[in-house]
Every structure is written in structure tokens, then in C-alpha cells.
>>> print(open('target-v6.tsv').read())   # TSV, C-alpha atoms
chain	number	residue	atom	x	y	z
U	86	MET	CA	113.37	97.23	118.93
U	87	LYS	CA	114.05	93.62	118.00
U	88	ILE	CA	113.33	93.17	114.30
U	89	MET	CA	113.27	89.96	112.27
U	90	ILE	CA	114.38	90.20	108.63
U	91	CYS	CA	113.43	87.23	106.47
U	92	GLY	CA	115.63	87.18	103.41
U	93	GLY	CA	118.15	89.23	105.37
U	94	SER	CA	121.17	88.08	103.37
U	95	GLY	CA	119.95	89.38	100.00
U	96	PHE	CA	120.60	92.63	98.15
U	97	ILE	CA	118.10	94.71	100.11
U	98	GLY	CA	118.15	92.54	103.23
U	99	GLY	CA	121.87	92.82	103.90
U	100	ASN	CA	121.74	96.60	103.58
U	101	LEU	CA	118.65	96.78	105.79
U	102	VAL	CA	120.23	94.68	108.55
U	103	ARG	CA	123.26	96.98	108.67
U	104	PHE	CA	121.02	100.04	108.68
U	105	LEU	CA	118.86	98.73	111.55
U	106	LEU	CA	121.90	97.79	113.62
U	107	ASP	CA	123.31	101.30	113.06
U	108	GLN	CA	120.00	102.71	114.33
U	109	GLY	CA	120.48	100.81	117.60
U	110	HIS	CA	118.04	97.96	116.97
U	111	SER	CA	118.73	94.27	117.41
U	112	ALA	CA	118.04	91.94	114.49
U	113	VAL	CA	117.23	88.34	113.69
U	114	ILE	CA	117.94	87.04	110.18
U	115	LEU	CA	116.13	84.08	108.64
U	116	ASP	CA	117.66	83.17	105.28
U	117	ARG	CA	118.76	80.07	103.41
U	118	ASN	CA	122.19	81.70	102.97
U	119	LYS	CA	124.62	82.49	105.75
U	120	SER	CA	124.83	86.15	106.71
U	121	ARG	CA	128.14	87.95	106.24
U	122	ILE	CA	127.28	90.43	108.99
U	123	SER	CA	128.61	89.94	112.51
U	124	SER	CA	127.32	91.85	115.53
U	125	PRO	CA	126.48	91.09	119.16
U	126	GLN	CA	123.04	92.54	118.37
U	127	LEU	CA	122.44	90.07	115.55
U	128	GLN	CA	121.19	86.50	115.47
U	129	SER	CA	121.23	84.64	112.18
U	130	PHE	CA	119.60	81.32	111.28
U	131	GLU	CA	119.96	79.40	108.03
U	132	ILE	CA	116.53	78.11	107.04
U	133	ASP	CA	114.47	77.39	103.96
U	134	LEU	CA	111.41	79.58	104.49
U	135	LEU	CA	109.39	77.16	102.34
U	136	ARG	CA	109.76	74.58	105.11
U	137	PRO	CA	107.73	75.91	108.06
U	138	GLU	CA	107.99	72.57	109.85
U	139	LEU	CA	111.60	73.56	110.61
U	140	PHE	CA	110.69	76.95	112.15
U	141	ASP	CA	111.51	77.43	115.83
U	142	GLN	CA	109.41	79.68	118.06
U	143	LYS	CA	112.57	80.66	119.96
U	144	TRP	CA	113.61	82.68	116.91
U	145	PHE	CA	110.54	84.89	117.39
U	146	GLU	CA	110.99	85.57	121.12
U	147	GLU	CA	110.72	89.32	121.87
U	148	VAL	CA	110.54	90.12	118.14
U	149	GLU	CA	108.37	93.22	117.71
U	150	ALA	CA	108.45	93.52	113.93
U	151	VAL	CA	108.84	91.02	111.09
U	152	ILE	CA	110.06	92.25	107.71
U	153	ASN	CA	109.82	89.70	104.91
U	154	LEU	CA	112.07	90.44	101.93
U	155	SER	CA	112.26	86.87	100.69
U	156	GLY	CA	111.85	86.37	96.96
U	157	LYS	CA	113.62	84.77	94.02
U	158	ASP	CA	115.26	87.28	91.69
U	159	ILE	CA	112.89	88.22	88.83
U	160	PHE	CA	115.84	88.99	86.52
U	161	THR	CA	115.79	85.50	85.08
U	162	PHE	CA	114.05	83.85	82.15
U	163	TRP	CA	110.49	82.99	83.16
U	164	ASN	CA	109.34	79.47	82.42
U	165	GLN	CA	106.93	77.25	84.31
U	166	LYS	CA	109.60	76.26	86.84
U	167	THR	CA	111.00	79.74	87.52
U	168	LYS	CA	107.51	81.25	87.70
U	169	LYS	CA	106.62	78.77	90.43
U	170	MET	CA	109.82	79.63	92.29
U	171	ILE	CA	109.09	83.37	92.00
U	172	TRP	CA	105.53	82.80	93.25
U	173	ASP	CA	106.32	80.40	96.09
U	174	SER	CA	109.28	82.42	97.37
U	175	ARG	CA	106.90	85.34	97.91
U	176	VAL	CA	103.30	84.19	98.34
U	177	GLN	CA	103.91	80.84	100.03
U	178	VAL	CA	106.63	82.22	102.30
U	179	ASN	CA	104.27	84.94	103.60
U	180	ARG	CA	101.66	82.24	104.19
U	181	ASN	CA	104.18	80.08	106.05
U	182	LEU	CA	105.40	82.91	108.26
U	183	ILE	CA	101.96	84.19	109.21
U	184	GLY	CA	100.66	80.66	109.77
U	185	PHE	CA	103.50	80.06	112.22
U	186	ILE	CA	103.24	83.45	113.93
U	187	ALA	CA	99.48	82.96	114.40
U	188	LYS	CA	100.24	80.14	116.85
U	189	LEU	CA	102.63	82.19	118.99
U	190	HIS	CA	101.46	83.40	122.37
U	191	ASN	CA	103.31	86.72	121.98
U	192	LYS	CA	103.06	87.96	118.43
U	193	PRO	CA	105.02	90.75	116.75
U	194	ALA	CA	103.18	94.07	116.56
U	195	VAL	CA	103.72	94.49	112.83
U	196	PHE	CA	104.24	92.31	109.76
U	197	ILE	CA	105.90	94.16	106.87
U	198	SER	CA	106.13	92.51	103.48
U	199	ALA	CA	107.97	93.53	100.38
U	200	SER	CA	105.88	94.00	97.26
U	201	ALA	CA	106.75	95.64	93.96
U	202	VAL	CA	105.83	98.24	91.36
U	203	GLY	CA	104.88	95.25	89.22
U	204	TYR	CA	101.55	95.27	91.09
U	205	TYR	CA	100.34	98.00	88.72
U	206	GLY	CA	101.13	96.28	85.43
U	207	ASN	CA	101.58	98.37	82.28
U	208	ARG	CA	99.78	101.68	82.88
U	209	GLY	CA	101.14	104.20	80.39
U	210	ASP	CA	101.11	107.79	81.67
U	211	THR	CA	98.71	107.19	84.59
U	212	GLU	CA	99.99	108.42	87.95
U	213	LEU	CA	99.87	105.38	90.20
U	214	LEU	CA	98.91	106.04	93.80
U	215	GLU	CA	98.28	103.35	96.39
U	216	HIS	CA	94.50	103.27	95.84
U	217	GLU	CA	94.91	102.15	92.21
U	218	GLY	CA	93.93	98.55	91.53
U	219	PRO	CA	96.27	95.86	90.23
U	220	GLY	CA	97.23	95.66	86.58
U	221	GLU	CA	97.58	92.64	84.34
U	222	GLY	CA	100.44	90.22	83.82
U	223	PHE	CA	102.37	87.68	85.84
U	224	LEU	CA	104.08	90.16	88.16
U	225	ALA	CA	100.78	91.88	88.94
U	226	GLU	CA	99.26	88.51	89.82
U	227	VAL	CA	102.21	87.67	92.07
U	228	CYS	CA	102.09	91.03	93.85
U	229	LYS	CA	98.34	90.85	94.38
U	230	ALA	CA	98.58	87.41	96.02
U	231	TRP	CA	101.77	88.42	97.89
U	232	GLU	CA	100.02	91.41	99.45
U	233	ALA	CA	96.86	89.46	100.23
U	234	GLU	CA	98.85	86.92	102.24
U	235	ALA	CA	100.61	89.73	104.11
U	236	GLY	CA	97.30	91.43	104.85
U	237	SER	CA	95.97	88.24	106.46
U	238	ALA	CA	98.18	89.01	109.48
U	239	GLU	CA	95.61	91.62	110.51
U	240	GLN	CA	93.19	88.93	111.65
U	241	PHE	CA	95.77	87.94	114.27
U	242	GLY	CA	96.05	91.46	115.65
U	243	MET	CA	99.12	92.62	113.74
U	244	ARG	CA	99.50	95.84	111.81
U	245	THR	CA	100.52	95.09	108.23
U	246	VAL	CA	102.42	97.09	105.63
U	247	GLN	CA	103.10	96.12	102.02
U	248	VAL	CA	106.06	98.01	100.56
U	249	ARG	CA	105.54	98.35	96.78
U	250	THR	CA	109.14	98.80	95.77
U	251	ALA	CA	110.44	100.44	92.61
U	252	PRO	CA	113.79	99.31	91.14
U	253	VAL	CA	116.38	100.01	93.83
U	254	LEU	CA	119.47	101.93	92.80
U	255	LEU	CA	122.84	100.81	94.10
U	256	LYS	CA	125.87	99.62	92.16
U	257	ASN	CA	126.12	96.10	93.52
U	258	GLY	CA	122.66	94.72	92.89
U	259	GLY	CA	119.28	94.93	91.23
U	260	LEU	CA	118.55	96.43	87.82
U	261	LEU	CA	121.47	98.86	87.96
U	262	LEU	CA	123.97	96.01	88.31
U	263	GLN	CA	122.47	94.32	85.25
U	264	ILE	CA	122.78	97.50	83.18
U	265	LEU	CA	126.33	98.19	84.36
U	266	LYS	CA	127.41	94.73	83.20
U	267	SER	CA	126.81	95.68	79.57
U	268	MET	CA	128.23	99.16	80.07
U	269	ARG	CA	131.59	97.60	80.90
U	270	PHE	CA	131.76	96.64	77.23
U	271	GLY	CA	130.88	100.15	76.07
U	272	PHE	CA	127.19	99.77	75.27
U	273	THR	CA	123.76	99.66	76.84
U	274	PHE	CA	120.20	99.38	75.56
U	275	ILE	CA	117.12	101.56	75.20
U	276	PHE	CA	114.34	99.00	75.53
U	277	GLY	CA	111.28	99.59	73.37
U	278	THR	CA	110.62	103.25	72.64
U	279	GLY	CA	112.37	104.36	75.83
U	280	ASN	CA	109.34	106.54	76.62
U	281	GLN	CA	107.98	104.16	79.26
U	282	TRP	CA	107.90	105.61	82.76
U	283	PHE	CA	110.60	104.32	85.08
U	284	SER	CA	110.01	104.58	88.82
U	285	TRP	CA	113.08	104.18	91.01
U	286	ILE	CA	114.39	104.62	94.55
U	287	HIS	CA	117.82	105.04	96.11
U	288	MET	CA	118.69	102.23	98.52
U	289	LEU	CA	119.06	104.59	101.50
U	290	ASP	CA	115.55	105.94	101.08
U	291	LEU	CA	114.15	102.42	100.86
U	292	LEU	CA	115.90	101.44	104.09
U	293	ARG	CA	114.48	104.52	105.79
U	294	ILE	CA	110.98	103.61	104.55
U	295	TYR	CA	111.24	100.11	106.03
U	296	HIS	CA	112.45	101.61	109.30
U	297	GLU	CA	109.54	104.05	109.32
U	298	ALA	CA	107.09	101.24	108.57
U	299	ALA	CA	108.36	99.32	111.60
U	300	MET	CA	108.40	102.29	113.97
U	301	ASN	CA	105.38	104.36	112.89
U	302	ALA	CA	102.02	102.89	113.91
U	303	ASN	CA	100.28	105.15	111.38
U	304	PHE	CA	101.76	103.16	108.52
U	305	SER	CA	99.49	100.41	107.23
U	306	GLY	CA	98.45	98.76	103.99
U	307	PRO	CA	100.25	99.34	100.69
U	308	VAL	CA	102.98	101.99	100.58
U	309	ASN	CA	104.59	103.07	97.30
U	310	ALA	CA	108.34	103.03	97.88
U	311	CYS	CA	109.71	105.19	95.09
U	312	SER	CA	111.14	108.61	94.41
U	313	PRO	CA	108.53	111.36	93.91
U	314	ASN	CA	110.21	112.03	90.55
U	315	PRO	CA	109.89	109.12	88.11
U	316	VAL	CA	111.62	109.53	84.76
U	317	ARG	CA	111.31	108.13	81.25
U	318	PHE	CA	113.51	105.06	80.78
U	319	ARG	CA	115.45	106.83	78.04
U	320	ASP	CA	116.24	109.70	80.43
U	321	PHE	CA	117.37	107.21	83.09
U	322	ILE	CA	119.85	105.66	80.65
U	323	ASP	CA	121.03	109.08	79.46
U	324	GLN	CA	121.75	110.24	83.01
U	325	LEU	CA	123.49	106.97	83.77
U	326	ARG	CA	125.70	107.47	80.72
U	327	THR	CA	127.18	110.61	82.27
U	328	TYR	CA	128.93	108.28	84.74
U	329	ARG	CA	129.59	105.29	82.50
U	330	LYS	CA	130.44	106.14	78.90
U	331	ALA	CA	128.53	103.80	76.62
U	332	PHE	CA	126.63	103.78	73.36
U	333	ALA	CA	122.85	103.53	73.84
U	334	LEU	CA	121.56	101.00	71.32
U	335	PRO	CA	117.87	100.68	70.46
U	336	PHE	CA	116.35	97.32	71.36
U	337	PRO	CA	112.90	97.04	69.73
U	338	ALA	CA	110.07	95.75	71.90
U	339	TRP	CA	109.09	93.08	69.37
U	340	LEU	CA	112.60	91.63	69.38
U	341	LEU	CA	112.87	91.70	73.16
U	342	LYS	CA	109.51	89.91	73.44
U	343	LEU	CA	110.64	87.36	70.87
U	344	ILE	CA	113.77	86.59	72.89
U	345	LEU	CA	112.50	86.93	76.47
U	346	GLN	CA	108.77	86.41	75.93
U	347	GLU	CA	106.84	87.43	79.07
U	348	THR	CA	110.04	88.32	80.97
U	349	ALA	CA	110.33	91.42	78.77
U	350	ASP	CA	107.56	92.99	80.89
U	351	VAL	CA	110.19	93.85	83.51
U	352	VAL	CA	111.73	96.57	81.32
U	353	LEU	CA	108.95	97.39	78.84
U	354	PHE	CA	106.07	98.19	81.20
U	355	SER	CA	105.39	101.87	81.84
U	356	GLN	CA	104.79	102.53	85.55
U	357	LYS	CA	104.56	106.09	86.83
U	358	MET	CA	104.35	105.23	90.51
U	359	VAL	CA	104.07	108.11	92.99
U	360	PRO	CA	104.69	107.79	96.77
U	361	GLY	CA	101.32	109.20	97.81
U	362	LYS	CA	101.26	107.99	101.42
U	363	LEU	CA	104.88	108.97	102.06
U	364	LEU	CA	104.28	112.48	100.74
U	365	LYS	CA	101.22	112.83	102.97
U	366	THR	CA	103.31	111.91	106.01
U	367	ARG	CA	105.92	114.46	104.83
U	368	PHE	CA	108.59	111.80	104.58
U	369	GLN	CA	111.81	113.57	103.60
U	370	PHE	CA	113.58	111.75	100.79
U	371	SER	CA	117.37	111.81	100.94
U	372	TYR	CA	117.49	111.48	97.15
U	373	PRO	CA	114.26	112.71	95.54
U	374	LYS	CA	115.91	113.45	92.17
U	375	LEU	CA	117.69	110.97	89.94
U	376	GLU	CA	120.72	113.19	89.33
U	377	ASP	CA	121.38	113.44	93.09
U	378	ALA	CA	120.92	109.69	93.56
U	379	LEU	CA	123.37	108.83	90.79
U	380	LYS	CA	125.87	111.39	92.03
U	381	ALA	CA	125.78	109.74	95.47
U	382	ILE	CA	126.10	106.26	93.97
U	383	PHE	CA	128.97	106.97	91.59
U	384	GLY	CA	130.61	109.95	93.28
U	385	GLU	CA	131.33	113.21	91.51
U	386	THR	CA	134.72	112.02	90.25
U	387	ASP	CA	133.83	108.33	89.72
>>> encode(input="target-v6.tsv", output="C-alpha cells")
Amino acid sequence: MKIMICGGSGFIGGNLVRFLLDQGHSAVILDRNKSRISSPQLQSFEIDLLRPELFDQKWFEEVEAVINLSGKDIFTFWNQKTKKMIWDSRVQVNRNLIGFIAKLHNKPAVFISASAVGYYGNRGDTELLEHEGPGEGFLAEVCKAWEAEAGSAEQFGMRTVQVRTAPVLLKNGGLLLQILKSMRFGFTFIFGTGNQWFSWIHMLDLLRIYHEAAMNANFSGPVNACSPNPVRFRDFIDQLRTYRKAFALPFPAWLLKLILQETADVVLFSQKMVPGKLLKTRFQFSYPKLEDALKAIFGETD
């Protein structure tokens, strides 16, 4: 299959491109940054996805699936400017892509868009399956609009999937990279009470979910991409500390909100997301338990 990955040079995108090539697919990358991957089965184009007037229909020739991973990193201080960048890099980019694809004579069969656990907002101990409605807060608003734009591809005859992604575990990116930075200095933080639910997923399982979404015509609509075993944030930090020795310092919620304001939602919200659709399809997770995921990431002797 020929698969287009928008945002294919990012943390998840680069790993996904390599995975798809290893599975025997050909790939097309659209990204504002140059790809570091080289393969005869790969085409890569440097493009600002917020400028659809520069899109070329030749890029989409014979493409059967489009996966859009584009999005500005949320691990930044949110102000009016960065909020707009976070919103546009997700919502507007989906709108641009689908608007362009709608005019193509031969359209891809499926449009797959990233989304995030942030869709659910702060939900305490509630088990969050795909049928649950959106929560409150900036990230929930972004995810709701992000998914709505992706879903509009259906009117042009495409199957659509929205991958609601939990924090992705791998050393060189995402939330884990941010935590490891402080651990190098011998400390880390327990944000708030530490009792908030933390949903997570190992990178390999996420890549397999995207592959399944592209290949399996039974996949449609929102799909929770997370381990079936969420943990409390405190337990996540404690397990992480078995691989990186560090003091766990309490960081009160009121202080974090004072410093980061709304951005504090990223680590304070409790989200017990469960992969309902994946479990129904009997998807076999490579790393369903946190201890196995961390062991694979750090190695038994690391």
C-alpha cells in the first residue's frame, strides 16, 4: 500500500514511516522539516501544511491512505499565540488536506487523523471508552474540532479514523523525554496529588494501531490508542524510578497552576482511557503492562 504521512518527520511520524517501510509499504512524507529517512520506497516533500495553495496533486497519486500526524508540540507554555499555533497545526491542517483531497479524481480510501486523550478533559475515576463525550478545557476543544474536521472526509467517500492517543512512551520524545531531563539531575516531580489516572502507550503498539487503521476496513471513527492498563501518575513515576534513580518531589497543583496556568492541565488531568474498540477487535498489545513497556525501553541492565 502507498501511504502518505503528514508530519512524517516528527517524533511519532519518523517512527511510523520506518515501521511502514519495514512492513513492505511505500510512503510519502509531507512535512515542513526534511526527513532523515532514505529509502527507494519513500518520497519526501518539504511543505507548510498551512499553505494548501502549494499542494501538488502529484504527491497524492496512487496514495491509498493518508495519515495526518501534524501538530505543534503541546509541551510549551500556552498563550494566545501558541494556542493558535496548536489549534491551526491540527484543525486547520485537517481542513486543508481534506479540502484538497476532495478535488482529486482518485481519492485515498481512508483518512486517518491523530487525536489525543485530551479529548476527554479531566474525568476523575471514570473509565473512558470511545462513546464518551468530550470534556472541558482547551485540549478538549482542540480535539473535538480536530476530529470533526477529520470526520468530514466521509462526505467524500473516505473511511475516517481518529486515533485518540495517550502519552507515547519512548526515550527520545514526548512526555518521557521531558521527565528524563530532570531525572538527569537526580530528581523528578509528582504533580498534584499523584493520584490522577495516567493513560499511556508504548510506541510500537501505537505504530501497530496506525497500521491496523490503514489496513482494516472495519476501523472507523474514534479509536482509543492506549494500553488496557492505565496507572496512577504516582505509580508511573515510581516504576520509572527503578530505571533512573531520582528523588520524587511533590509539586502542588496550586503552584503548578500559578506557574503554568492552563498548561498545567497536561499533567494534572485524570484520564482513565480504555481501548474499548481495540479490545473488541482482539488487538494484541505488545506491551499491555507498564513494567514490560519500561523494561523494553530501558533494557533490563540499562
>>> axis_aligned_box(input="target-v6.tsv", around="stretch 238-257 of chain U", padding_each_side="5 Å", output="AutoDock Vina command-line options")
--center_x 109.7 --center_y 94.9 --center_z 103.4 --size_x 42.9 --size_y 24.0 --size_z 34.5
>>> closest_residue(input="target-v6.tsv", among="U:Leu224, U:Ala299, U:Leu364, U:Cys311", to="U:Met86", atoms="all atoms listed in the file")
U:Ala299
>>> residues_around(input="target-v6.tsv", residues="U:Ala230", least_positions_apart="3", cutoff="10 Å", atoms="only C-alpha atoms", output="MDAnalysis selection string")
chainID U and resid 172 175:177 179 200 204 224:227 233:236
>>> atom_distance(input="target-v6.tsv", atom1="atom CA of U:Asn164", atom2="atom CA of U:Gln346")
9.5 Å
>>> residues_around(input="target-v6.tsv", residues="U:Ser237", least_positions_apart="6", cutoff="9 Å", atoms="all atoms listed in the file", output="list in words")
Arg180, Ile183 and Thr245 of chain U
>>> closest_residue(input="target-v6.tsv", among="U:Gly156, U:Pro307, U:Pro337, U:Pro137", to="U:Ser94", atoms="all atoms listed in the file")
U:Gly156
>>> residues_around(input="target-v6.tsv", residues="U:Leu254", least_positions_apart="6", cutoff="9 Å", atoms="only C-alpha atoms", output="MDAnalysis selection string")
chainID U and resid 260:262 285:288 378:379 382
>>> residues_near_point(input="target-v6.tsv", point="(116.0, 99.1, 115.5)", cutoff="10 Å", atoms="all atoms listed in the file", output="JSON, numbers by chain")
{"U": [86, 87, 88, 102, 104, 105, 106, 107, 108, 109, 110, 111, 112, 149, 150, 296, 299, 300]}
>>> atom_distance(input="target-v6.tsv", atom1="atom CA of U:Phe196", atom2="atom CA of U:Glu131")
20.4 Å
>>> residues_around(input="target-v6.tsv", residues="U:Leu214", least_positions_apart="6", cutoff="10 Å", atoms="all atoms listed in the file", output="list in words")
Tyr205, Pro307, Val308, Asn309, Lys357, Met358, Val359, Pro360, Gly361 and Lys362 of chain U
>>> atom_distance(input="target-v6.tsv", atom1="atom CA of U:Gly99", atom2="atom CA of U:Arg121")
8.3 Å
>>> closest_residue(input="target-v6.tsv", among="U:Ile275, U:Val351, U:Ala187, U:Leu375", to="U:Ser312", atoms="all atoms listed in the file")
U:Leu375
>>> closest_residue(input="target-v6.tsv", among="U:Gly222, U:Gly98, U:Gly93, U:Gly259", to="U:Glu347", atoms="all atoms listed in the file")
U:Gly222
>>> decode(input="target-v6.tsv", residues="stretch 272-302 of chain U", atoms="C-alpha atoms", output="mmCIF file, in the first residue's frame")
data_model
loop_
_atom_site.group_PDB
_atom_site.id
_atom_site.type_symbol
_atom_site.label_atom_id
_atom_site.label_comp_id
_atom_site.auth_asym_id
_atom_site.auth_seq_id
_atom_site.Cartn_x
_atom_site.Cartn_y
_atom_site.Cartn_z
ATOM 1 C CA PHE U 272 15.062 14.488 40.823
ATOM 2 C CA THR U 273 11.613 14.346 39.308
ATOM 3 C CA PHE U 274 8.168 15.570 40.293
ATOM 4 C CA ILE U 275 4.864 14.141 41.489
ATOM 5 C CA PHE U 276 2.395 16.641 40.059
ATOM 6 C CA GLY U 277 -0.632 17.404 42.222
ATOM 7 C CA THR U 278 -1.690 14.504 44.421
ATOM 8 C CA GLY U 279 -0.206 11.951 42.034
ATOM 9 C CA ASN U 280 -3.497 10.032 42.191
ATOM 10 C CA GLN U 281 -4.664 11.218 38.778
ATOM 11 C CA TRP U 282 -5.046 8.441 36.225
ATOM 12 C CA PHE U 283 -2.301 8.291 33.615
ATOM 13 C CA SER U 284 -3.056 6.550 30.331
ATOM 14 C CA TRP U 285 -0.046 5.602 28.229
ATOM 15 C CA ILE U 286 1.062 3.549 25.226
ATOM 16 C CA HIS U 287 4.357 2.093 24.043
ATOM 17 C CA MET U 288 5.462 3.487 20.690
ATOM 18 C CA LEU U 289 5.442 0.066 18.991
ATOM 19 C CA ASP U 290 1.808 -0.542 19.895
ATOM 20 C CA LEU U 291 0.845 2.893 18.580
ATOM 21 C CA LEU U 292 2.576 2.185 15.269
ATOM 22 C CA ARG U 293 0.736 -1.126 15.006
ATOM 23 C CA ILE U 294 -2.580 0.651 15.692
ATOM 24 C CA TYR U 295 -1.968 3.133 12.870
ATOM 25 C CA HIS U 296 -1.065 0.255 10.560
ATOM 26 C CA GLU U 297 -4.237 -1.593 11.532
ATOM 27 C CA ALA U 298 -6.315 1.552 10.982
ATOM 28 C CA ALA U 299 -4.944 1.837 7.452
ATOM 29 C CA MET U 300 -5.340 -1.832 6.558
ATOM 30 C CA ASN U 301 -8.538 -2.864 8.367
ATOM 31 C CA ALA U 302 -11.739 -1.568 6.766
#
